[in-house]
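**Q** Next comes upload_32.pdb, PDB, C-alpha atoms:
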ATOM      1  CA  MET A 151     -24.808 -15.422  -7.973  1.00  0.00           C
ATOM      2  CA  CYS A 152     -24.740 -13.549 -11.287  1.00  0.00           C
ATOM      3  CA  ALA A 153     -24.850  -9.778 -11.006  1.00  0.00           C
ATOM      4  CA  ASN A 154     -24.841  -6.631 -13.117  1.00  0.00           C
ATOM      5  CA  VAL A 155     -21.498  -4.953 -12.428  1.00  0.00           C
ATOM      6  CA  ILE A 156     -20.109  -1.582 -13.531  1.00  0.00           C
ATOM      7  CA  VAL A 157     -16.316  -1.283 -13.611  1.00  0.00           C
ATOM      8  CA  ALA A 158     -15.129   2.349 -13.557  1.00  0.00           C
ATOM      9  CA  GLU A 159     -11.384   2.356 -14.249  1.00  0.00           C
ATOM     10  CA  ASP A 160      -9.400   4.672 -16.526  1.00  0.00           C
ATOM     11  CA  ASP A 161      -6.460   2.252 -16.842  1.00  0.00           C
ATOM     12  CA  ALA A 162      -7.522   0.174 -19.856  1.00  0.00           C
ATOM     13  CA  LYS A 163      -5.336  -2.831 -18.989  1.00  0.00           C
ATOM     14  CA  GLN A 164      -6.548  -2.879 -15.390  1.00  0.00           C
ATOM     15  CA  ALA A 165     -10.186  -2.518 -16.482  1.00  0.00           C
ATOM     16  CA  GLU A 166      -9.825  -5.391 -18.952  1.00  0.00           C
ATOM     17  CA  LEU A 167      -8.279  -7.632 -16.295  1.00  0.00           C
ATOM     18  CA  VAL A 168     -11.114  -6.943 -13.846  1.00  0.00           C
ATOM     19  CA  ARG A 169     -13.712  -7.425 -16.590  1.00  0.00           C
ATOM     20  CA  ARG A 170     -12.293 -10.840 -17.540  1.00  0.00           C
ATOM     21  CA  TYR A 171     -12.280 -12.072 -13.963  1.00  0.00           C
ATOM     22  CA  LEU A 172     -15.829 -10.871 -13.340  1.00  0.00           C
ATOM     23  CA  GLU A 173     -17.159 -12.414 -16.552  1.00  0.00           C
ATOM     24  CA  ARG A 174     -15.409 -15.670 -15.684  1.00  0.00           C
ATOM     25  CA  GLU A 175     -17.603 -15.744 -12.563  1.00  0.00           C
ATOM     26  CA  GLY A 176     -20.738 -15.227 -14.639  1.00  0.00           C
ATOM     27  CA  HIS A 177     -21.360 -11.526 -14.086  1.00  0.00           C
ATOM     28  CA  ALA A 178     -22.578  -9.090 -16.740  1.00  0.00           C
ATOM     29  CA  VAL A 179     -19.980  -6.307 -16.895  1.00  0.00           C
ATOM     30  CA  THR A 180     -20.078  -2.736 -18.215  1.00  0.00           C
ATOM     31  CA  VAL A 181     -16.743  -0.872 -18.326  1.00  0.00           C
ATOM     32  CA  VAL A 182     -16.458   2.938 -18.224  1.00  0.00           C
ATOM     33  CA  SER A 183     -13.342   5.081 -18.012  1.00  0.00           C
ATOM     34  CA  ASP A 184     -14.394   8.260 -16.187  1.00  0.00           C
ATOM     35  CA  GLY A 185     -16.461   9.380 -13.229  1.00  0.00           C
ATOM     36  CA  LEU A 186     -19.315  11.019 -15.106  1.00  0.00           C
ATOM     37  CA  ALA A 187     -19.823   7.894 -17.227  1.00  0.00           C
ATOM     38  CA  ALA A 188     -19.881   5.838 -14.015  1.00  0.00           C
ATOM     39  CA  LEU A 189     -22.633   8.081 -12.634  1.00  0.00           C
ATOM     40  CA  GLU A 190     -24.652   7.807 -15.835  1.00  0.00           C
ATOM     41  CA  LYS A 191     -24.451   4.005 -15.919  1.00  0.00           C
ATOM     42  CA  ALA A 192     -25.203   3.687 -12.189  1.00  0.00           C
ATOM     43  CA  ARG A 193     -28.374   5.716 -12.690  1.00  0.00           C
ATOM     44  CA  GLN A 194     -29.559   3.437 -15.492  1.00  0.00           C
ATOM     45  CA  GLY A 195     -31.308   0.133 -14.785  1.00  0.00           C
ATOM     46  CA  ALA A 196     -30.518  -1.507 -11.474  1.00  0.00           C
ATOM     47  CA  PRO A 197     -26.822  -2.404 -11.232  1.00  0.00           C
ATOM     48  CA  ASP A 198     -25.850  -4.589  -8.291  1.00  0.00           C
ATOM     49  CA  LEU A 199     -22.262  -3.473  -7.861  1.00  0.00           C
ATOM     50  CA  LEU A 200     -19.947  -0.622  -8.842  1.00  0.00           C
ATOM     51  CA  VAL A 201     -16.208  -1.392  -8.829  1.00  0.00           C
ATOM     52  CA  LEU A 202     -14.912   2.157  -8.656  1.00  0.00           C
ATOM     53  CA  ASP A 203     -11.399   3.530  -9.095  1.00  0.00           C
ATOM     54  CA  VAL A 204     -10.744   6.643  -7.022  1.00  0.00           C
ATOM     55  CA  MET A 205      -8.454   8.531  -9.404  1.00  0.00           C
ATOM     56  CA  MET A 206     -10.414   9.112 -12.616  1.00  0.00           C
ATOM     57  CA  PRO A 207     -10.946  11.974 -15.073  1.00  0.00           C
ATOM     58  CA  ARG A 208     -14.021  14.250 -15.128  1.00  0.00           C
ATOM     59  CA  ALA A 209     -15.125  13.164 -11.630  1.00  0.00           C
ATOM     60  CA  ASP A 210     -13.120  11.160  -9.136  1.00  0.00           C
ATOM     61  CA  GLY A 211     -14.428   8.091  -7.343  1.00  0.00           C
ATOM     62  CA  LEU A 212     -15.056   9.931  -4.076  1.00  0.00           C
ATOM     63  CA  ASP A 213     -17.305  12.417  -5.845  1.00  0.00           C
ATOM     64  CA  VAL A 214     -19.126   9.570  -7.592  1.00  0.00           C
ATOM     65  CA  VAL A 215     -19.917   7.689  -4.384  1.00  0.00           C
ATOM     66  CA  ARG A 216     -20.891  10.923  -2.610  1.00  0.00           C
ATOM     67  CA  ILE A 217     -23.389  11.791  -5.349  1.00  0.00           C
ATOM     68  CA  LEU A 218     -24.828   8.275  -5.581  1.00  0.00           C
ATOM     69  CA  ARG A 219     -25.433   8.099  -1.843  1.00  0.00           C
ATOM     70  CA  SER A 220     -26.948  11.594  -1.776  1.00  0.00           C
ATOM     71  CA  GLU A 221     -29.417  10.381  -4.411  1.00  0.00           C
ATOM     72  CA  GLY A 222     -30.344   7.416  -2.217  1.00  0.00           C
ATOM     73  CA  ARG A 223     -28.910   4.783  -4.558  1.00  0.00           C
ATOM     74  CA  GLU A 224     -28.103   1.614  -2.648  1.00  0.00           C
ATOM     75  CA  LEU A 225     -26.006  -0.358  -5.120  1.00  0.00           C
ATOM     76  CA  ALA A 226     -22.901  -1.852  -3.528  1.00  0.00           C
ATOM     77  CA  VAL A 227     -19.682   0.119  -4.091  1.00  0.00           C
ATOM     78  CA  LEU A 228     -16.202  -1.397  -3.937  1.00  0.00           C
ATOM     79  CA  MET A 229     -13.522   1.260  -4.284  1.00  0.00           C
ATOM     80  CA  LEU A 230     -10.039   0.678  -5.745  1.00  0.00           C
ATOM     81  CA  THR A 231      -7.243   3.119  -5.029  1.00  0.00           C
ATOM     82  CA  ALA A 232      -3.508   3.665  -5.031  1.00  0.00           C
ATOM     83  CA  ARG A 233      -4.007   6.003  -2.054  1.00  0.00           C
ATOM     84  CA  ALA A 234      -2.931   3.914   0.902  1.00  0.00           C
ATOM     85  CA  THR A 235      -3.180   6.385   3.785  1.00  0.00           C
ATOM     86  CA  GLU A 236      -5.639   5.701   6.569  1.00  0.00           C
ATOM     87  CA  ASP A 237      -7.369   9.062   6.123  1.00  0.00           C
ATOM     88  CA  ASP A 238      -8.059   8.365   2.437  1.00  0.00           C
ATOM     89  CA  LEU A 239      -9.498   4.939   3.195  1.00  0.00           C
ATOM     90  CA  LEU A 240     -11.676   6.199   6.024  1.00  0.00           C
ATOM     91  CA  LEU A 241     -12.974   9.054   3.879  1.00  0.00           C
ATOM     92  CA  GLY A 242     -14.190   6.560   1.278  1.00  0.00           C
ATOM     93  CA  LEU A 243     -15.968   4.511   3.933  1.00  0.00           C
ATOM     94  CA  ASP A 244     -17.471   7.604   5.507  1.00  0.00           C
ATOM     95  CA  LEU A 245     -18.894   8.701   2.149  1.00  0.00           C
ATOM     96  CA  GLY A 246     -20.676   5.367   1.755  1.00  0.00           C
ATOM     97  CA  ALA A 247     -18.316   2.886   0.103  1.00  0.00           C
ATOM     98  CA  ASP A 248     -19.043  -0.711   1.115  1.00  0.00           C
ATOM     99  CA  ASP A 249     -15.503  -2.012   0.695  1.00  0.00           C
ATOM    100  CA  TYR A 250     -12.099  -0.619  -0.186  1.00  0.00           C
ATOM    101  CA  MET A 251      -9.029  -2.242  -1.760  1.00  0.00           C
ATOM    102  CA  THR A 252      -5.624  -0.639  -2.236  1.00  0.00           C
ATOM    103  CA  LYS A 253      -3.497  -1.136  -5.348  1.00  0.00           C
ATOM    104  CA  PRO A 254      -1.733  -3.324  -6.220  1.00  0.00           C
ATOM    105  CA  TYR A 255      -4.200  -6.068  -5.344  1.00  0.00           C
ATOM    106  CA  SER A 256      -4.676  -9.716  -6.183  1.00  0.00           C
ATOM    107  CA  PRO A 257      -7.487 -10.332  -8.722  1.00  0.00           C
ATOM    108  CA  ARG A 258      -8.401 -13.447  -6.743  1.00  0.00           C
ATOM    109  CA  GLU A 259      -8.808 -11.394  -3.576  1.00  0.00           C
ATOM    110  CA  LEU A 260     -10.881  -8.872  -5.522  1.00  0.00           C
ATOM    111  CA  MET A 261     -13.229 -11.645  -6.676  1.00  0.00           C
ATOM    112  CA  ALA A 262     -13.497 -12.931  -3.106  1.00  0.00           C
ATOM    113  CA  ARG A 263     -14.457  -9.430  -1.938  1.00  0.00           C
ATOM    114  CA  VAL A 264     -17.021  -9.185  -4.756  1.00  0.00           C
ATOM    115  CA  ARG A 265     -18.596 -12.529  -3.793  1.00  0.00           C
ATOM    116  CA  THR A 266     -18.795 -11.551  -0.135  1.00  0.00           C
ATOM    117  CA  LEU A 267     -20.217  -8.132  -0.921  1.00  0.00           C
ATOM    118  CA  LEU A 268     -22.897  -9.484  -3.277  1.00  0.00           C
ATOM    119  CA  ARG A 269     -23.812 -12.252  -0.839  1.00  0.00           C
ATOM    120  CA  ARG A 270     -24.257  -9.767   1.995  1.00  0.00           C
ATOM    121  CA  THR A 271     -26.180  -7.300  -0.166  1.00  0.00           C
ATOM    122  CA  ARG A 272     -28.621  -9.983  -1.297  1.00  0.00           C
ATOM    123  CA  ARG A 273     -28.963 -11.380   2.207  1.00  0.00           C
ATOM    124  CA  ASP A 274     -29.868  -7.939   3.501  1.00  0.00           C
ATOM    125  CA  GLY A 275     -32.358  -7.495   0.654  1.00  0.00           C
ATOM    126  CA  ALA A 276     -34.014 -10.805   1.473  1.00  0.00           C
ATOM    127  CA  ARG A 277     -35.042  -9.670   4.966  1.00  0.00           C
ATOM    128  CA  ASP A 278     -38.670  -9.062   4.117  1.00  0.00           C
ATOM    129  CA  ASP A 279     -40.508 -10.116   7.292  1.00  0.00           C
ATOM    130  CA  GLY A 280     -41.476  -6.517   8.018  1.00  0.00           C
ATOM    131  CA  HIS A 281     -39.935  -6.638  11.495  1.00  0.00           C
ATOM    132  CA  VAL A 282     -38.710  -3.267  12.750  1.00  0.00           C
ATOM    133  CA  LEU A 283     -35.912  -3.411  15.333  1.00  0.00           C
ATOM    134  CA  ARG A 284     -36.556  -1.110  18.292  1.00  0.00           C
ATOM    135  CA  VAL A 285     -34.248  -0.114  21.128  1.00  0.00           C
ATOM    136  CA  GLY A 286     -36.076   2.491  23.164  1.00  0.00           C
ATOM    137  CA  SER A 287     -37.003   5.331  20.789  1.00  0.00           C
ATOM    138  CA  LEU A 288     -34.494   4.142  18.178  1.00  0.00           C
ATOM    139  CA  ALA A 289     -36.118   2.228  15.288  1.00  0.00           C
ATOM    140  CA  VAL A 290     -34.248   0.333  12.556  1.00  0.00           C
ATOM    141  CA  ASP A 291     -36.238  -0.964   9.595  1.00  0.00           C
ATOM    142  CA  PRO A 292     -34.164  -3.581   7.679  1.00  0.00           C
ATOM    143  CA  VAL A 293     -36.704  -3.772   4.838  1.00  0.00           C
ATOM    144  CA  ARG A 294     -37.000  -0.068   4.080  1.00  0.00           C
ATOM    145  CA  HIS A 295     -33.392   0.586   5.098  1.00  0.00           C
ATOM    146  CA  GLU A 296     -34.570   3.366   7.415  1.00  0.00           C
ATOM    147  CA  VAL A 297     -33.476   4.589  10.842  1.00  0.00           C
ATOM    148  CA  ALA A 298     -35.451   6.905  13.110  1.00  0.00           C
ATOM    149  CA  VAL A 299     -34.796   8.413  16.535  1.00  0.00           C
ATOM    150  CA  ASP A 300     -37.771   9.811  18.440  1.00  0.00           C
ATOM    151  CA  GLY A 301     -39.759   9.532  15.215  1.00  0.00           C
ATOM    152  CA  THR A 302     -37.290  11.591  13.170  1.00  0.00           C
ATOM    153  CA  GLY A 303     -35.558   9.955  10.224  1.00  0.00           C
ATOM    154  CA  VAL A 304     -31.773   9.579  10.257  1.00  0.00           C
ATOM    155  CA  GLU A 305     -29.653   9.138   7.118  1.00  0.00           C
ATOM    156  CA  CYS A 306     -27.045   6.374   7.426  1.00  0.00           C
ATOM    157  CA  THR A 307     -24.410   5.069   5.038  1.00  0.00           C
ATOM    158  CA  PRO A 308     -24.662   1.344   4.162  1.00  0.00           C
ATOM    159  CA  GLY A 309     -21.817   0.517   6.542  1.00  0.00           C
ATOM    160  CA  GLU A 310     -23.361   2.480   9.403  1.00  0.00           C
ATOM    161  CA  PHE A 311     -26.711   0.833   8.752  1.00  0.00           C
ATOM    162  CA  ARG A 312     -25.225  -2.671   8.883  1.00  0.00           C
ATOM    163  CA  LEU A 313     -23.515  -1.996  12.190  1.00  0.00           C
ATOM    164  CA  LEU A 314     -26.616  -0.429  13.718  1.00  0.00           C
ATOM    165  CA  SER A 315     -28.856  -3.267  12.455  1.00  0.00           C
ATOM    166  CA  ALA A 316     -26.574  -5.902  13.970  1.00  0.00           C
ATOM    167  CA  MET A 317     -26.484  -4.142  17.329  1.00  0.00           C
ATOM    168  CA  ALA A 318     -30.221  -3.336  17.352  1.00  0.00           C
ATOM    169  CA  ALA A 319     -30.997  -7.026  16.770  1.00  0.00           C
ATOM    170  CA  GLU A 320     -29.220  -7.828  20.050  1.00  0.00           C
ATOM    171  CA  PRO A 321     -29.507  -4.817  22.363  1.00  0.00           C
ATOM    172  CA  GLU A 322     -27.228  -4.783  25.412  1.00  0.00           C
ATOM    173  CA  ARG A 323     -24.907  -7.349  23.818  1.00  0.00           C
ATOM    174  CA  VAL A 324     -21.278  -6.238  23.777  1.00  0.00           C
ATOM    175  CA  PHE A 325     -19.805  -6.511  20.274  1.00  0.00           C
ATOM    176  CA  THR A 326     -16.050  -6.604  19.825  1.00  0.00           C
ATOM    177  CA  ARG A 327     -14.483  -4.552  17.056  1.00  0.00           C
ATOM    178  CA  GLU A 328     -13.690  -7.779  15.222  1.00  0.00           C
ATOM    179  CA  GLN A 329     -17.349  -8.844  15.321  1.00  0.00           C
ATOM    180  CA  LEU A 330     -18.468  -5.456  14.048  1.00  0.00           C
ATOM    181  CA  LEU A 331     -15.793  -5.524  11.348  1.00  0.00           C
ATOM    182  CA  ALA A 332     -17.251  -8.858  10.196  1.00  0.00           C
ATOM    183  CA  GLU A 333     -20.543  -7.025   9.650  1.00  0.00           C
ATOM    184  CA  LEU A 334     -18.595  -4.735   7.332  1.00  0.00           C
ATOM    185  CA  HIS A 335     -17.315  -7.858   5.491  1.00  0.00           C
ATOM    186  CA  GLY A 336     -13.625  -7.257   5.950  1.00  0.00           C
ATOM    187  CA  PHE A 337     -11.675  -4.153   5.010  1.00  0.00           C
ATOM    188  CA  ASP A 338      -7.891  -3.882   4.879  1.00  0.00           C
ATOM    189  CA  ARG A 339      -6.649  -5.332   8.139  1.00  0.00           C
ATOM    190  CA  TYR A 340      -4.373  -2.529   9.232  1.00  0.00           C
ATOM    191  CA  ILE A 341      -7.279  -0.075   9.518  1.00  0.00           C
ATOM    192  CA  SER A 342      -9.791  -2.551  10.948  1.00  0.00           C
ATOM    193  CA  SER A 343     -10.259  -1.153  14.455  1.00  0.00           C
ATOM    194  CA  ARG A 344     -10.104   2.430  13.231  1.00  0.00           C
ATOM    195  CA  THR A 345     -12.744   1.689  10.599  1.00  0.00           C
ATOM    196  CA  VAL A 346     -15.209   0.512  13.238  1.00  0.00           C
ATOM    197  CA  ASP A 347     -14.392   3.457  15.499  1.00  0.00           C
ATOM    198  CA  VAL A 348     -15.103   5.948  12.696  1.00  0.00           C
ATOM    199  CA  HIS A 349     -18.474   4.351  11.942  1.00  0.00           C
ATOM    200  CA  ILE A 350     -19.368   4.409  15.647  1.00  0.00           C
ATOM    201  CA  MET A 351     -18.302   8.058  15.933  1.00  0.00           C
ATOM    202  CA  ASN A 352     -20.442   8.991  12.929  1.00  0.00           C
ATOM    203  CA  LEU A 353     -23.423   7.023  14.230  1.00  0.00           C
ATOM    204  CA  ARG A 354     -23.210   8.830  17.561  1.00  0.00           C
ATOM    205  CA  LYS A 355     -23.438  12.153  15.745  1.00  0.00           C
ATOM    206  CA  LYS A 356     -26.681  10.939  14.195  1.00  0.00           C
ATOM    207  CA  ILE A 357     -28.476   9.101  17.024  1.00  0.00           C
ATOM    208  CA  GLU A 358     -27.195  10.794  20.199  1.00  0.00           C
ATOM    209  CA  ARG A 359     -28.283  14.198  21.477  1.00  0.00           C
ATOM    210  CA  ALA A 360     -24.784  14.700  22.913  1.00  0.00           C
ATOM    211  CA  PRO A 361     -22.350  12.569  20.870  1.00  0.00           C
ATOM    212  CA  ARG A 362     -19.492  13.128  23.342  1.00  0.00           C
ATOM    213  CA  ARG A 363     -21.710  11.852  26.175  1.00  0.00           C
ATOM    214  CA  PRO A 364     -23.537   8.928  24.552  1.00  0.00           C
ATOM    215  CA  VAL A 365     -26.416   7.199  26.275  1.00  0.00           C
ATOM    216  CA  ARG A 366     -27.400   4.791  23.464  1.00  0.00           C
ATOM    217  CA  LEU A 367     -24.244   3.652  21.698  1.00  0.00           C
ATOM    218  CA  LEU A 368     -21.809   2.939  24.504  1.00  0.00           C
ATOM    219  CA  THR A 369     -18.145   2.026  24.709  1.00  0.00           C
ATOM    220  CA  VAL A 370     -17.250  -0.993  26.821  1.00  0.00           C
ATOM    221  CA  PHE A 371     -13.618  -0.231  27.499  1.00  0.00           C
ATOM    222  CA  GLY A 372     -11.185  -2.925  26.455  1.00  0.00           C
ATOM    223  CA  VAL A 373     -13.930  -4.892  24.687  1.00  0.00           C
ATOM    224  CA  GLY A 374     -16.025  -2.987  22.152  1.00  0.00           C
ATOM    225  CA  TYR A 375     -19.471  -1.393  21.904  1.00  0.00           C
ATOM    226  CA  LYS A 376     -23.096  -2.036  22.801  1.00  0.00           C
ATOM    227  CA  LEU A 377     -26.471  -0.458  22.010  1.00  0.00           C
ATOM    228  CA  MET A 378     -28.725   0.394  24.951  1.00  0.00           C
ATOM    229  CA  ASP A 379     -32.146   1.815  25.705  1.00  0.00           C
ATOM    230  CA  PRO A 380     -31.232   4.993  27.623  1.00  0.00           C
ATOM    231  CA  GLN A 381     -34.469   4.749  29.609  1.00  0.00           C
ATOM    232  CA  LYS A 382     -33.090   1.687  31.387  1.00  0.00           C
ATOM    233  CA  GLY A 383     -30.587   3.844  33.197  1.00  0.00           C
ATOM    234  CA  ALA A 384     -27.468   1.948  32.180  1.00  0.00           C
ATOM    235  CA  PRO A 385     -24.141   3.410  33.347  1.00  0.00           C
ATOM    236  CA  ARG A 386     -22.901   5.999  30.897  1.00  0.00           C
ATOM    237  CA  ALA A 387     -19.819   5.097  28.907  1.00  0.00           C
ATOM    238  CA  GLU A 388     -17.371   7.769  27.860  1.00  0.00           C
ATOM    239  CA  ALA A 389     -17.017   8.215  24.081  1.00  0.00           C
ATOM    240  CA  ARG A 390     -13.694   7.503  22.448  1.00  0.00           C
TER     241      ARG A 390
END
Give the structure from this file in structure tokens form.
**A**
Amino acid sequence: MCANVIVAEDDAKQAELVRRYLEREGHAVTVVSDGLAALEKARQGAPDLLVLDVMMPRADGLDVVRILRSEGRELAVLMLTARATEDDLLLGLDLGADDYMTKPYSPRELMARVRTLLRRTRRDGARDDGHVLRVGSLAVDPVRHEVAVDGTGVECTPGEFRLLSAMAAEPERVFTREQLLAELHGFDRYISSRTVDVHIMNLRKKIERAPRRPVRLLTVFGVGYKLMDPQKGAPRAEAR
């Protein structure tokens, strides 16, 4: 599973370590040391993955991922940071990062995250049967990576899209937080349930007319979440 990977890290020793491990796994690696250079390289060609440090000169990693997602670029982004607070991690996910590791980290764990992320990205890209998932007036197109509600397009981050796709494929099924976290391919364990809750909260803002009184994306208390067709008259769940 060889990939084109950009490593954006201003610590030269850390960047060299990551580069060596990635090249050992057969990936083509480009190393940059600031945020603007990361943006420039991400806009060139078709990189598969950006390993992105948060604290960098000229533009920090959060700004980089925000700009890339606003431009509609769908390369996978794995963020590295010394910021270990829950709010910092959730902000990165909310902006569109696909995975997040806190420093110090094990290079072997980093490579495992890279393999999982590339495998999932390529699996998602291989879904080319043209089948659009529909739950009432909600439509999820796995091929075009598009979501629409009542015919109006909705912008979703990659993480939000994966959760919504999984739930739209099995409407009315109750997914536990652990099952939904698996769709997000495993973030730091201590924020796992909160990570899912934040994605659900953000999705409700985008697909519900009244996010605090959801009729599509419902909470099943003590279990998890499910996606419903509101026209079926299911009991309303109270948002958390």
**Q** Quick one: pull the distance between CA of Asp161 in chain A and CA of Thr307 in chain A, Å, one decimal.
**A**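 Computing the Euclidean distance for CA of Asp161 in chain A and CA of Thr307 in chain A yields 28.4 Å.
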**Q** Considering all atoms listed in the file, can you say which of A:Leu240, A:Met261, A:Cys306, A:Ala247 comes closest to Gly211 in chain A?
**A**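 Closest candidate: A:Ala247.
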**Q** Taking into account all atoms listed in the file, which residue in the set A:Val264, A:Val304, A:Leu288, A:Val181 is nearest to Cys152 in chain A?
**A** A:Val264
**Q** Have a look at CA of Thr231 in chain A and CA of Leu172 in chain A and let me know their distance in Å, one decimal.
**A**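 So the two atoms, CA of Thr231 in chain A and CA of Leu172 in chain A, lie 18.4 Å apart.
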**Q** Enumerate, as a PyMOL selection string, the residues matched when the PyMOL selection byres ((chain A and resi 322) around 7) is run on the file above.
**A** chain A and resi 320-321+323-324+376-378
**Q** Give me the residues near Gly176 in chain A as a list in words, where near means some atom within 12 Å (using all atoms listed in the file) and where sequence neighbours in that chain fewer than 3 positions away do not count.
**A**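 Listing them by chain and then by number gives Met151, Cys152, Ala153, Asn154, Val155, Arg169, Arg170, Tyr171, Leu172, Glu173, Val179, Met261 and Arg265 of chain A.
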